[in-house]
$ cat my_file.tsv   # TSV, C-alpha atoms and all ligand atoms
chain	number	residue	atom	x	y	z
A	856	MET	CA	153.41	-131.73	107.34
A	857	ARG	CA	154.66	-134.23	109.94
A	858	GLU	CA	152.56	-137.34	110.52
A	859	ILE	CA	152.99	-140.61	112.45
A	860	LEU	CA	152.43	-143.71	110.31
A	861	PHE	CA	153.05	-147.45	110.53
A	862	ASP	CA	153.43	-149.68	107.48
A	863	ARG	CA	153.21	-153.06	109.26
A	864	PHE	CA	151.72	-154.42	112.48
A	865	GLY	CA	154.22	-154.86	115.30
A	866	GLY	CA	155.96	-153.33	118.33
A	867	PRO	CA	156.22	-149.60	119.13
A	868	ASP	CA	159.12	-149.12	116.70
A	869	VAL	CA	156.87	-149.64	113.67
A	870	LEU	CA	155.63	-146.10	114.37
A	871	THR	CA	157.65	-143.59	112.38
A	872	ILE	CA	157.44	-139.91	111.53
A	873	ARG	CA	156.86	-139.07	107.89
A	874	PRO	CA	158.25	-135.50	107.72
A	875	GLU	CA	156.61	-134.48	104.46
A	876	SER	CA	153.19	-136.04	104.44
A	877	PRO	CA	150.65	-134.44	102.12
A	878	ARG	CA	148.14	-132.21	103.88
A	879	PRO	CA	144.66	-133.78	103.81
A	880	GLU	CA	141.63	-132.13	102.25
A	881	ALA	CA	138.34	-131.77	104.10
A	882	GLY	CA	135.64	-133.97	102.55
A	883	GLU	CA	131.87	-133.67	102.88
A	884	GLY	CA	130.80	-132.75	106.38
A	885	GLU	CA	134.42	-132.39	107.45
A	886	VAL	CA	136.67	-129.65	108.75
A	887	LEU	CA	140.44	-129.28	108.67
A	888	VAL	CA	141.96	-129.04	112.14
A	889	GLU	CA	145.48	-128.00	113.10
A	890	VAL	CA	146.25	-130.50	115.88
A	891	ALA	CA	147.93	-129.28	119.08
A	892	TYR	CA	147.85	-132.40	121.27
A	893	ALA	CA	146.59	-135.95	120.79
A	894	GLY	CA	145.54	-138.40	123.52
A	895	LEU	CA	146.78	-142.01	123.72
A	896	ASN	CA	144.55	-144.98	124.48
A	897	PRO	CA	145.19	-148.72	124.90
A	898	LEU	CA	143.26	-149.16	121.64
A	899	ASP	CA	146.17	-147.42	119.85
A	900	HIS	CA	148.67	-150.15	120.72
A	901	LYS	CA	146.13	-152.90	120.06
A	902	ILE	CA	145.56	-151.53	116.53
A	903	ARG	CA	149.31	-151.01	116.03
A	904	ASP	CA	150.18	-154.62	116.95
A	905	GLY	CA	147.20	-156.02	115.03
A	906	SER	CA	145.44	-157.59	118.04
A	907	SER	CA	142.35	-155.33	117.94
A	908	GLY	CA	139.32	-156.23	115.85
A	909	ARG	CA	139.75	-152.73	114.42
A	910	ALA	CA	143.07	-153.76	112.84
A	911	GLU	CA	141.19	-156.09	110.49
A	912	GLY	CA	141.02	-154.63	107.01
A	913	LEU	CA	143.09	-151.59	108.02
A	914	GLU	CA	144.90	-150.26	104.99
A	915	LEU	CA	148.65	-149.82	105.55
A	916	PRO	CA	150.46	-147.51	105.92
A	917	ALA	CA	148.01	-146.23	108.52
A	918	GLY	CA	147.90	-143.34	110.94
A	919	THR	CA	147.54	-143.74	114.70
A	920	GLY	CA	145.55	-142.16	117.55
A	921	ARG	CA	141.82	-141.43	117.91
A	922	GLU	CA	141.37	-138.23	119.95
A	923	MET	CA	142.84	-134.75	119.90
A	924	VAL	CA	142.57	-131.03	120.55
A	925	GLY	CA	143.32	-128.35	117.96
A	926	THR	CA	142.10	-125.34	116.02
A	927	VAL	CA	139.66	-125.29	113.09
A	928	LEU	CA	141.39	-124.09	109.91
A	929	SER	CA	138.67	-124.44	107.25
A	930	ALA	CA	135.76	-126.61	106.17
A	931	GLY	CA	134.78	-128.93	103.33
A	932	PRO	CA	132.82	-127.65	100.33
A	933	ASP	CA	129.35	-128.36	101.79
A	934	LEU	CA	129.87	-126.57	105.11
A	935	ASP	CA	129.48	-122.82	104.64
A	936	GLU	CA	130.48	-120.18	107.17
A	937	ALA	CA	126.96	-119.83	108.60
A	938	GLU	CA	126.64	-123.59	109.12
A	939	LEU	CA	130.04	-123.77	110.83
A	940	ALA	CA	129.25	-120.78	113.04
A	941	SER	CA	125.90	-122.29	114.06
A	942	ARG	CA	127.78	-125.34	115.33
A	943	GLY	CA	130.32	-123.16	117.14
A	944	LEU	CA	133.08	-124.42	114.82
A	945	ALA	CA	134.12	-121.24	112.95
A	946	PRO	CA	137.73	-121.13	111.72
A	947	GLY	CA	140.03	-120.19	114.61
A	948	THR	CA	137.90	-122.03	117.20
A	949	ARG	CA	139.68	-124.44	119.54
A	950	VAL	CA	138.00	-127.84	119.41
A	951	PHE	CA	138.36	-131.33	120.89
A	952	GLY	CA	136.96	-134.64	119.73
A	953	MET	CA	137.58	-138.16	118.54
A	954	ARG	CA	137.28	-140.10	115.32
A	955	GLY	CA	133.89	-141.76	114.93
A	956	PRO	CA	133.81	-145.57	115.30
A	957	GLN	CA	133.86	-146.16	111.52
A	958	ASP	CA	136.65	-143.66	110.79
A	959	GLN	CA	139.98	-145.50	110.69
A	960	ARG	CA	142.21	-142.49	110.05
A	961	GLY	CA	144.70	-141.41	112.73
A	962	VAL	CA	145.06	-138.05	114.47
A	963	MET	CA	148.82	-137.86	115.13
A	964	ALA	CA	149.49	-135.37	112.34
A	965	GLU	CA	149.93	-131.60	112.18
A	966	VAL	CA	146.69	-131.22	110.22
A	967	ILE	CA	143.76	-133.65	110.01
A	968	ALA	CA	140.42	-133.75	108.21
A	969	ILE	CA	137.66	-134.89	110.58
A	970	SER	CA	133.87	-134.98	110.60
A	971	ALA	CA	132.39	-131.82	112.12
A	972	ASP	CA	129.98	-134.12	114.02
A	973	ASP	CA	132.92	-135.56	115.96
A	974	LEU	CA	134.06	-132.20	117.37
A	975	ALA	CA	132.92	-129.72	120.00
A	976	PRO	CA	134.29	-126.28	120.88
A	977	ILE	CA	136.37	-125.74	124.02
A	978	PRO	CA	135.38	-122.80	126.29
A	979	ASP	CA	137.42	-119.62	125.61
A	980	SER	CA	138.32	-119.49	129.29
A	981	VAL	CA	140.47	-122.65	129.07
A	982	PRO	CA	144.17	-121.65	129.29
A	983	GLU	CA	146.64	-123.05	126.75
A	984	GLU	CA	148.44	-125.05	129.44
A	985	ASN	CA	145.25	-127.05	130.10
A	986	LEU	CA	144.86	-128.18	126.49
A	987	PRO	CA	146.55	-131.59	127.06
A	988	CYS	CA	143.62	-132.57	129.36
A	989	TRP	CA	141.18	-131.77	126.58
A	990	ALA	CA	143.20	-133.89	124.12
A	991	GLY	CA	142.62	-136.91	126.36
A	992	LEU	CA	138.98	-136.24	127.16
A	993	ALA	CA	136.87	-137.37	124.21
A	994	LEU	CA	137.59	-141.11	124.04
A	995	ALA	CA	137.82	-141.71	127.79
A	996	GLY	CA	134.80	-139.48	128.38
A	997	LEU	CA	132.54	-141.03	125.74
A	998	THR	CA	133.58	-144.46	127.03
A	999	ALA	CA	132.74	-143.52	130.60
A	1000	ILE	CA	129.30	-142.22	129.53
A	1001	ALA	CA	128.63	-145.43	127.56
A	1002	THR	CA	129.75	-147.50	130.56
A	1003	VAL	CA	127.86	-145.73	133.34
A	1004	ARG	CA	124.68	-144.82	131.45
A	1005	ASP	CA	124.20	-147.31	128.61
A	1006	ALA	CA	125.89	-150.53	129.76
A	1007	ALA	CA	125.61	-150.47	133.58
A	1008	GLY	CA	122.59	-148.16	133.99
A	1009	ILE	CA	123.88	-146.87	137.34
A	1010	ARG	CA	121.06	-145.37	139.41
A	1011	GLU	CA	120.43	-143.66	142.72
A	1012	GLY	CA	121.62	-145.82	145.60
A	1013	HIS	CA	123.72	-148.34	143.64
A	1014	THR	CA	126.95	-149.55	145.16
A	1015	VAL	CA	129.81	-149.75	142.66
A	1016	LEU	CA	133.25	-151.37	142.39
A	1017	ILE	CA	135.58	-149.94	139.72
A	1018	HIS	CA	138.78	-151.72	138.74
A	1019	GLY	CA	141.50	-149.27	137.67
A	1020	GLY	CA	140.06	-146.10	139.24
A	1021	SER	CA	143.06	-143.91	138.44
A	1022	GLY	CA	143.43	-144.91	134.75
A	1023	GLY	CA	142.24	-142.83	131.80
A	1024	VAL	CA	138.67	-144.11	131.79
A	1025	GLY	CA	138.66	-144.86	135.53
A	1026	GLN	CA	139.24	-141.21	136.45
A	1027	LEU	CA	135.96	-140.35	134.70
A	1028	LEU	CA	134.05	-143.46	135.78
A	1029	ILE	CA	134.32	-142.48	139.45
A	1030	PRO	CA	132.78	-138.98	139.15
A	1031	MET	CA	130.19	-140.17	136.60
A	1032	ALA	CA	129.06	-143.04	138.83
A	1033	LEU	CA	128.66	-140.58	141.71
A	1034	GLU	CA	126.86	-138.11	139.42
A	1035	ALA	CA	124.43	-140.90	138.45
A	1036	GLY	CA	123.56	-141.32	142.13
A	1037	ALA	CA	125.81	-144.16	143.30
A	1038	ALA	CA	125.60	-144.43	147.08
A	1039	ARG	CA	129.20	-145.55	147.40
A	1040	VAL	CA	132.06	-146.30	145.03
A	1041	TRP	CA	135.14	-148.42	145.73
A	1042	ALA	CA	138.00	-148.43	143.25
A	1043	THR	CA	141.04	-150.66	142.94
A	1044	GLY	CA	144.48	-149.40	141.97
A	1045	ARG	CA	148.04	-149.62	143.20
A	1046	ALA	CA	148.71	-148.07	146.62
A	1047	ALA	CA	150.61	-145.28	144.82
A	1048	ASN	CA	147.30	-144.19	143.26
A	1049	ALA	CA	145.12	-144.48	146.38
A	1050	GLU	CA	145.18	-140.77	147.17
A	1051	ARG	CA	144.13	-139.88	143.62
A	1052	ILE	CA	141.24	-142.37	143.81
A	1053	ARG	CA	140.14	-140.81	147.11
A	1054	GLU	CA	140.30	-137.28	145.61
A	1055	LEU	CA	137.97	-138.44	142.84
A	1056	GLY	CA	135.41	-139.52	145.43
A	1057	ALA	CA	135.89	-143.29	145.73
A	1058	ASP	CA	137.23	-145.49	148.54
A	1059	PRO	CA	140.55	-146.89	147.32
A	1060	ILE	CA	141.47	-150.57	147.55
A	1061	ALA	CA	145.22	-151.04	147.00
A	1062	TYR	CA	145.34	-154.34	145.12
A	1063	ASP	CA	149.14	-154.52	145.46
A	1064	GLU	CA	148.95	-154.38	149.27
A	1065	VAL	CA	145.74	-156.14	150.28
A	1066	ASP	CA	143.52	-158.98	149.10
A	1067	TRP	CA	141.03	-156.79	147.21
A	1068	GLN	CA	138.21	-159.35	147.26
A	1069	GLN	CA	138.51	-159.69	151.01
A	1070	ALA	CA	138.70	-155.90	151.44
A	1071	LEU	CA	135.49	-155.38	149.44
A	1072	ARG	CA	133.68	-158.15	151.31
A	1073	GLU	CA	134.59	-156.54	154.62
A	1074	ALA	CA	133.63	-153.06	153.42
A	1075	THR	CA	130.19	-154.27	152.32
A	1076	ASP	CA	129.55	-156.59	155.31
A	1077	GLY	CA	129.67	-159.53	152.91
A	1078	GLU	CA	126.90	-158.08	150.72
A	1079	GLY	CA	128.96	-157.20	147.65
A	1080	VAL	CA	128.02	-154.47	145.16
A	1081	ASP	CA	125.31	-153.82	142.57
A	1082	VAL	CA	127.72	-152.92	139.77
A	1083	VAL	CA	131.31	-153.81	138.81
A	1084	LEU	CA	132.98	-151.63	136.16
A	1085	ASP	CA	136.16	-153.45	135.13
A	1086	THR	CA	138.71	-151.46	133.12
A	1087	HIS	CA	141.43	-154.08	133.79
A	1088	TYR	CA	139.54	-157.36	133.09
A	1089	PHE	CA	142.38	-159.95	132.87
A	1090	SER	CA	142.83	-160.94	136.52
A	1091	THR	CA	139.79	-159.12	137.91
A	1092	PHE	CA	136.76	-160.18	135.85
A	1093	GLU	CA	136.09	-163.70	137.13
A	1094	PRO	CA	136.91	-163.01	140.82
A	1095	SER	CA	134.54	-160.00	140.65
A	1096	LEU	CA	131.59	-162.23	139.82
A	1097	GLU	CA	131.66	-163.50	143.42
A	1098	LEU	CA	131.26	-159.94	144.69
A	1099	LEU	CA	128.03	-159.04	142.90
A	1100	ARG	CA	124.73	-158.78	144.71
A	1101	PRO	CA	121.78	-160.72	143.23
A	1102	GLY	CA	120.59	-158.96	140.06
A	1103	GLY	CA	123.92	-157.11	139.77
A	1104	ILE	CA	125.81	-156.39	136.56
A	1105	VAL	CA	129.46	-156.61	135.51
A	1106	VAL	CA	130.83	-154.35	132.75
A	1107	PRO	CA	134.32	-155.20	131.45
A	1108	LEU	CA	135.71	-152.55	129.11
A	1109	PRO	CA	138.01	-154.38	126.68
A	1110	SER	CA	135.98	-154.97	123.51
A	1111	LEU	CA	137.19	-158.56	123.19
A	1112	ALA	CA	136.30	-159.51	126.80
A	1113	ASP	CA	134.69	-162.97	127.14
A	1114	LEU	CA	131.37	-162.56	128.95
A	1115	SER	CA	130.56	-166.27	129.11
A	1116	PRO	CA	131.86	-166.87	132.69
A	1117	ALA	CA	129.26	-164.32	133.87
A	1118	ARG	CA	126.43	-165.44	131.61
A	1119	ASP	CA	127.01	-169.12	132.47
A	1120	ARG	CA	126.28	-168.17	136.07
A	1121	GLY	CA	123.19	-166.13	135.18
A	1122	ILE	CA	124.97	-162.83	135.89
A	1123	ARG	CA	124.20	-159.84	133.65
A	1124	ALA	CA	127.25	-158.63	131.74
A	1125	ALA	CA	127.80	-156.06	128.98
A	1126	ILE	CA	130.70	-154.43	127.13
A	1127	PRO	CA	130.20	-150.69	126.53
A	1128	ALA	CA	130.17	-149.31	122.98
A	1129	ILE	CA	130.99	-145.65	122.41
A	1130	VAL	CA	128.08	-143.60	121.09
A	1131	PRO	CA	129.48	-140.52	119.32
A	1132	GLY	CA	127.56	-137.27	119.28
A	1133	ARG	CA	127.74	-133.61	120.03
A	1134	ASP	CA	125.32	-133.87	122.98
A	1135	ARG	CA	127.72	-136.23	124.74
A	1136	LEU	CA	130.78	-134.12	123.92
A	1137	ASP	CA	128.96	-131.06	125.26
A	1138	HIS	CA	128.16	-132.99	128.44
A	1139	LEU	CA	131.91	-133.56	128.88
A	1140	VAL	CA	132.52	-129.84	128.38
A	1141	GLN	CA	130.05	-129.04	131.17
A	1142	GLY	CA	131.75	-131.56	133.48
A	1143	MET	CA	135.18	-130.05	132.77
A	1144	ARG	CA	133.90	-126.50	133.24
A	1145	SER	CA	132.29	-127.25	136.56
A	1146	GLY	CA	135.37	-129.17	137.72
A	1147	ILE	CA	133.58	-132.46	138.39
A	1148	TYR	CA	135.60	-134.34	135.74
A	1149	PRO	CA	139.17	-133.53	136.83
A	1150	LEU	CA	140.92	-135.74	134.27
A	1151	GLU	CA	144.66	-135.84	134.91
A	1152	VAL	CA	147.47	-135.96	132.32
A	1153	SER	CA	150.47	-137.79	133.74
A	1154	GLN	CA	152.92	-137.39	130.84
A	1155	VAL	CA	153.24	-135.34	127.64
A	1156	PHE	CA	155.60	-136.66	124.95
A	1157	PRO	CA	156.85	-134.81	121.85
A	1158	LEU	CA	155.62	-136.26	118.54
A	1159	ALA	CA	159.02	-137.81	117.79
A	1160	GLN	CA	158.79	-139.91	120.99
A	1161	ILE	CA	155.59	-141.70	119.98
A	1162	ALA	CA	157.26	-145.14	120.28
A	1163	ASP	CA	158.37	-144.38	123.88
A	1164	ALA	CA	154.84	-143.24	124.68
A	1165	HIS	CA	153.44	-146.52	123.34
A	1166	ARG	CA	155.92	-148.46	125.49
A	1167	VAL	CA	154.60	-146.69	128.61
A	1168	LEU	CA	151.00	-147.16	127.44
A	1169	GLU	CA	151.49	-150.90	126.99
A	1170	GLU	CA	152.63	-151.36	130.59
A	1171	GLY	CA	148.96	-150.97	131.55
A	1172	HIS	CA	149.53	-148.72	134.58
A	1173	THR	CA	148.85	-145.29	133.11
A	1174	ARG	CA	147.67	-142.74	135.62
A	1175	GLY	CA	145.11	-140.49	133.93
A	1176	LYS	CA	146.15	-139.91	130.34
A	1177	LEU	CA	149.29	-139.93	128.19
A	1178	VAL	CA	149.33	-137.17	125.60
A	1179	ILE	CA	151.42	-136.35	122.52
A	1180	ASP	CA	152.44	-132.75	121.84
A	1181	VAL	CA	152.03	-132.73	118.06
A	1182	ARG	CA	153.72	-129.31	117.68
A	1183	ALA	CA	156.87	-130.28	119.63
A	1201	LIG	N1	134.72	-150.76	125.04
A	1201	LIG	C1	135.19	-149.59	124.64
A	1201	LIG	O1	134.60	-148.89	123.82
A	1201	LIG	C2	136.46	-149.08	125.26
A	1201	LIG	C3	136.78	-147.73	125.17
A	1201	LIG	C4	137.92	-147.27	125.79
A	1201	LIG	C5	138.77	-148.13	126.46
A	1201	LIG	N2	138.47	-149.46	126.45
A	1201	LIG	C6	139.36	-150.41	127.13
A	1201	LIG	O2	139.28	-150.15	128.53
A	1201	LIG	C7	140.52	-150.53	129.14
A	1201	LIG	C8	140.99	-149.40	130.06
A	1201	LIG	O3	141.31	-148.26	129.28
A	1201	LIG	P1	142.06	-147.02	129.97
A	1201	LIG	O4	142.25	-146.01	128.91
A	1201	LIG	O5	141.42	-146.64	131.22
A	1201	LIG	O6	143.47	-147.72	130.31
A	1201	LIG	P2	144.68	-147.13	131.16
A	1201	LIG	O7	144.60	-145.65	131.22
A	1201	LIG	O8	145.91	-147.78	130.61
A	1201	LIG	O9	144.42	-147.65	132.65
A	1201	LIG	C9	144.67	-148.96	133.01
A	1201	LIG	C10	144.26	-149.09	134.47
A	1201	LIG	O10	144.32	-150.47	134.83
A	1201	LIG	C11	144.72	-150.51	136.19
A	1201	LIG	N3	145.24	-151.85	136.51
A	1201	LIG	C12	146.32	-152.49	136.02
A	1201	LIG	N4	146.45	-153.71	136.59
A	1201	LIG	C13	145.40	-153.81	137.46
A	1201	LIG	C14	144.96	-154.83	138.36
A	1201	LIG	N5	145.62	-156.00	138.47
A	1201	LIG	N6	143.85	-154.61	139.10
A	1201	LIG	C15	143.16	-153.44	138.99
A	1201	LIG	N7	143.53	-152.44	138.17
A	1201	LIG	C16	144.63	-152.63	137.41
A	1201	LIG	C17	145.77	-149.45	136.29
A	1201	LIG	O11	145.90	-149.04	137.65
A	1201	LIG	P3	147.32	-149.13	138.45
A	1201	LIG	O12	148.29	-148.28	137.67
A	1201	LIG	O13	147.03	-148.58	139.79
A	1201	LIG	O14	147.71	-150.59	138.42
A	1201	LIG	C18	145.16	-148.34	135.44
A	1201	LIG	O15	144.35	-147.53	136.24
A	1201	LIG	C19	141.46	-150.88	128.00
A	1201	LIG	O16	141.48	-152.28	127.83
A	1201	LIG	C20	140.81	-150.23	126.79
A	1201	LIG	O17	141.16	-150.83	125.58
A	1201	LIG	C21	137.34	-149.95	125.88

$ encode --input "my_file.tsv" --output "structure tokens"
Amino acid sequence: MREILFDRFGGPDVLTIRPESPRPEAGEGEVLVEVAYAGLNPLDHKIRDGSSGRAEGLELPAGTGREMVGTVLSAGPDLDEAELASRGLAPGTRVFGMRGPQDQRGVMAEVIAISADDLAPIPDSVPEENLPCWAGLALAGLTAIATVRDAAGIREGHTVLIHGGSGGVGQLLIPMALEAGAARVWATGRAANAERIRELGADPIAYDEVDWQQALREATDGEGVDVVLDTHYFSTFEPSLELLRPGGIVVPLPSLADLSPARDRGIRAAIPAIVPGRDRLDHLVQGMRSGIYPLEVSQVFPLAQIADAHRVLEEGHTRGKLVIDVRA
């Protein structure tokens, strides 16, 4: 089978296709999945270039990618048919999911072995052409849940500023903040993405056209907001601290974000950590079914163009998700 591997840390070109990779076997608690599409995340390029904490101790050559959509082929020796059926994961079922935090294997391969706990079935009503959205849902969605619920604890009446409202995680942060009861949500992004941010239910602030700090101050009559969710971090984290109301919280997403500028000023700050689990994946399914999580896929690349996809990913201006068509 075809599989993307890299044998050293470096730029996008370290990613190569191995055309005759051995097919994996499903271990305990695992199923074999024939992958249709795989979602890309900034974490992928940070692992590939060695800058992520997750690159430490990674055995090379390594696979790439964390989330995907596909079809269950079979199960490991300890999962019988009845057990699989009770979880809705019978062979032939279309599933989506992401590798658990401790699982370093990639997903950009024609067939993968993955823990059954890290998968959930996709509704039968979903048409084939919508599968790319489901490939990009698990990681962004579990991150958004961890951000809104666990890290920020957004409640009824909170006012919220989101940096990067049209990015992969941002497109789910906006509806989830509103679902949690936020009274009003503002989201930064380039002017080209303002309409998308508005469609998702937030007030856009075009950081490439206006002074975003000034715009937020004016919009809140100088009060600021209760919560800042910062998917960008680099140039936005410290200036955002001035825009928080007393008792407010700032949540930067990059795992290596330095929280000390906030803590030194007595401001609450937290980095979200993904909590895997079927209940959370099922919550994402409900949100997709009801149309409240309209995650957008901006580009689909064939497997052989993985390096080009990483180049786009690294620019840091992805709208919605980038997805790899593993069958193309
Ligand atoms: N802690 C965790 O468990 C966890 C999980 C997932 C992701 N993450 C991290 O979260 C971050 C975001 O991930 P993602 O998948 O959403 O990334 P993404 O899809 O690449 O989106 C990046 C976003 O940043 C915005 N942006 C770029 N420059 C900006 C600026 N100067 N001001 C405001 N926004 C700006 C972009 O908007 P424009 O195009 O409009 O500029 C885009 O919306 C990454 O660092 C990722 O590693 C952490």

$ closest_residue --input "my_file.tsv" --among "A:Gly1102, A:Gly1036, A:Pro1094, A:Gly1056" --to "Leu1071 in chain A" --atoms "only C-alpha atoms"
A:Pro1094

$ atom_distance --input "my_file.tsv" --atom1 "CA of Ile859 in chain A" --atom2 "CA of Asp904 in chain A"
15.0 Å

$ residues_around --input "my_file.tsv" --residues "Arg1045 in chain A" --least-positions-apart "5" --cutoff "6 Å" --atoms "all atoms listed in the file" --output "number ranges by chain"
A: 1061-1063

$ residues_around --input "my_file.tsv" --residues "Leu1096 in chain A" --least-positions-apart "4" --cutoff "10 Å" --atoms "all atoms listed in the file" --output "PyMOL selection string"
chain A and resi 1079+1083+1091-1092+1100+1103-1105+1116-1117+1120+1122-1124

$ atom_distance --input "my_file.tsv" --atom1 "atom C6 of ligand LIG 1201 (chain A)" --atom2 "CA of Gly1019 in chain A"
10.8 Å

$ closest_residue --input "my_file.tsv" --among "A:Gly1022, A:Pro874, A:Gly1012, A:Pro982" --to "Arg1051 in chain A" --atoms "all atoms listed in the file"
A:Gly1022

$ residues_around --input "my_file.tsv" --residues "range 932-946 of chain A" --least-positions-apart "4" --cutoff "8 Å" --atoms "all atoms listed in the file" --output "compact mmCIF listing (two decimals) with C-alpha atoms, keeping the file's coordinate frame"
# COMPACT_ATOMS: atom_id res chain seq x y z
CA ALA A 881 138.34 -131.77 104.10
CA GLY A 882 135.64 -133.97 102.55
CA GLU A 883 131.87 -133.67 102.88
CA GLY A 884 130.80 -132.75 106.38
CA GLU A 885 134.42 -132.39 107.45
CA THR A 926 142.10 -125.34 116.02
CA VAL A 927 139.66 -125.29 113.09
CA LEU A 928 141.39 -124.09 109.91
CA VAL A 950 138.00 -127.84 119.41
CA ALA A 971 132.39 -131.82 112.12
CA ALA A 975 132.92 -129.72 120.00
CA PRO A 976 134.29 -126.28 120.88

$ closest_atom_pairs --input "my_file.tsv" --of "range 970-1044 of chain A" --to "range 1155-1177 of chain A" --cutoff "8 Å" --atoms "only C-alpha atoms" --output "JSON lines"
{"residue": "A:Pro987", "atom": "CA", "partner": "A:Val1155", "partner_atom": "CA", "distance": 7.7}
{"residue": "A:Cys988", "atom": "CA", "partner": "A:Lys1176", "partner_atom": "CA", "distance": 7.8}
{"residue": "A:Gly991", "atom": "CA", "partner": "A:Lys1176", "partner_atom": "CA", "distance": 6.1}
{"residue": "A:Ser1021", "atom": "CA", "partner": "A:Arg1174", "partner_atom": "CA", "distance": 5.5}
{"residue": "A:Gly1022", "atom": "CA", "partner": "A:Gly1175", "partner_atom": "CA", "distance": 4.8}
{"residue": "A:Gly1023", "atom": "CA", "partner": "A:Gly1175", "partner_atom": "CA", "distance": 4.3}
{"residue": "A:Val1024", "atom": "CA", "partner": "A:Gly1175", "partner_atom": "CA", "distance": 7.7}
{"residue": "A:Gly1025", "atom": "CA", "partner": "A:Gly1175", "partner_atom": "CA", "distance": 8.0}
{"residue": "A:Gln1026", "atom": "CA", "partner": "A:Gly1175", "partner_atom": "CA", "distance": 6.4}

$ axis_aligned_box --input "my_file.tsv" --around "range 876-895 of chain A" --padding-each-side "4 Å" --output "lines of an AutoDock Vina configuration file"
center_x = 142.0
center_y = -135.0
center_z = 112.9
size_x = 30.4
size_y = 22.0
size_z = 29.6

$ atom_distance --input "my_file.tsv" --atom1 "atom C2 of ligand LIG 1201 (chain A)" --atom2 "CA of Ala1042 in chain A"
18.1 Å
